[in-house]
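Have a look at the structure below, then the notes.
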There are 2 protein chains.
Amino acid sequence: MIRVIAKNFIKSENISAAAPLFRELIDATRKESGCIEYRLFIDSQAPAEYVFTEEWASQEALDTHMKSEHFQRIIPQIGELSSKPLEVAILSEFS
Amino acid sequence: MIRVIAKNFIKSENISAAAPLFRELIDATRKESGCIEYRLFIDSQAPAEYVFTEEWASQEALDTHMKSEHFQRIIPQIGELSSKPLEVAILSEFS
């Protein structure tokens, strides 16, 4: 099991443009094999920070996700709406 | 529903001292009313970063957690083992 926290920094003027991209990415990703959790949150103290909490059955499932058509197409589009690059943390569970 | 991501920065020489404190905090917190998720992860790229992913039924449940005996006692002990203060993000779900 692999947990991922991925933080997107969307420029405030681009939030409405980013919303349908996030929606499409979420809907497609949740259909992937090995996707246990794929949820998107907004930081209450930083409303331009969009944080995915993800859980994947294996490294292979995560690798397949990152090679998927929807990931390869949508992540760069979200990148263009961002003020800085995506920050991704790959986590393993404590004990 | 409230999602919390809380990042602890443990000094490398204190990791073995922090482990039983985390264990006790996890066990006590999971018994609290309104605690939906309370899991602890280690960042694979930064092994001194211990990241809680939490979910609470309400702000009231989170407030009660932060006033609990175990939180009030153990969090300062973990703080003494840390290189910098705990970083807490309070998140709300997108859409």
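For the structure tokens, the naming scheme is as follows: chains receive sequential letters (A, B, ...) according to their order of presentation, residues are indexed from 1 within each chain, and ligands are indexed from 1 in presentation order.
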Find the residues around B:Val51 up to 6 Å (only C-alpha atoms counted), leave out those fewer than 5 positions away in its own chain, and share them as a list in words.
Ala6, Lys7, Leu40 and Phe41 of chain B
Residue hits in chain A, query chain B, radius 7 Å, only C-alpha atoms, as an NGL selection string:
:A and (40-44 or 89-94)
Given the selection you just returned, output its residues as a file containing C-alpha atoms, formatted as a PDB file, in the first residue's frame.
```
ATOM      1  CA  LEU A  40      -9.002  16.235  -3.590  1.00  0.00           C
ATOM      2  CA  PHE A  41      -9.087  18.830  -0.820  1.00  0.00           C
ATOM      3  CA  ILE A  42      -8.636  22.574  -0.501  1.00  0.00           C
ATOM      4  CA  ASP A  43      -6.418  23.976   2.238  1.00  0.00           C
ATOM      5  CA  SER A  44      -8.599  26.173   4.463  1.00  0.00           C
ATOM      6  CA  ALA A  89       5.206  13.045  -1.219  1.00  0.00           C
ATOM      7  CA  ILE A  90       5.323   9.238  -1.394  1.00  0.00           C
ATOM      8  CA  LEU A  91       4.564   7.794   2.035  1.00  0.00           C
ATOM      9  CA  SER A  92       4.755   4.408   3.713  1.00  0.00           C
ATOM     10  CA  GLU A  93       2.675   3.554   6.765  1.00  0.00           C
ATOM     11  CA  PHE A  94       4.304   3.665  10.196  1.00  0.00           C
TER      12      PHE A  94
END
```
Between atom CA of B:Ala48 and atom CA of B:Lys11, distance in Å (one decimal)
6.5 Å
If DSSP is run on the backbone, what residues of stretch 3-95 of chain A are strand (DSSP E or B)? A reply as a VMD selection string would be ideal.
chain A and resid 3 to 10 35 to 43 46 to 56 82 to 93
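Atom to atom, atom CA of B:Phe71 and atom CA of A:Met1 stand 27.5 Å apart.
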Contacts of B:Ile36 at 8 Å or less, counting only C-alpha atoms, minus same-chain residues fewer than 6 places along, as a PDB file with N, CA and C atoms, in the first residue's frame?
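Just written: selection.pdb:
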```pdb
ATOM      1  N   ARG B  30      -7.608   6.808  18.060  1.00  0.00           N
ATOM      2  CA  ARG B  30      -8.556   6.008  17.274  1.00  0.00           C
ATOM      3  C   ARG B  30      -9.778   5.598  18.080  1.00  0.00           C
ATOM      4  N   GLU B  54      -5.548  12.465   8.790  1.00  0.00           N
ATOM      5  CA  GLU B  54      -6.631  12.359   9.758  1.00  0.00           C
ATOM      6  C   GLU B  54      -7.956  12.704   9.079  1.00  0.00           C
ATOM      7  N   GLU B  55      -9.017  12.150   9.583  1.00  0.00           N
ATOM      8  CA  GLU B  55     -10.340  12.610   9.165  1.00  0.00           C
ATOM      9  C   GLU B  55     -11.240  12.603  10.390  1.00  0.00           C
ATOM     10  N   TRP B  56     -11.974  13.704  10.531  1.00  0.00           N
ATOM     11  CA  TRP B  56     -12.827  13.917  11.690  1.00  0.00           C
ATOM     12  C   TRP B  56     -14.249  14.196  11.235  1.00  0.00           C
ATOM     13  N   ALA B  57     -15.200  13.706  12.006  1.00  0.00           N
ATOM     14  CA  ALA B  57     -16.608  13.861  11.643  1.00  0.00           C
ATOM     15  C   ALA B  57     -17.052  15.321  11.669  1.00  0.00           C
TER      16      ALA B  57
END
```
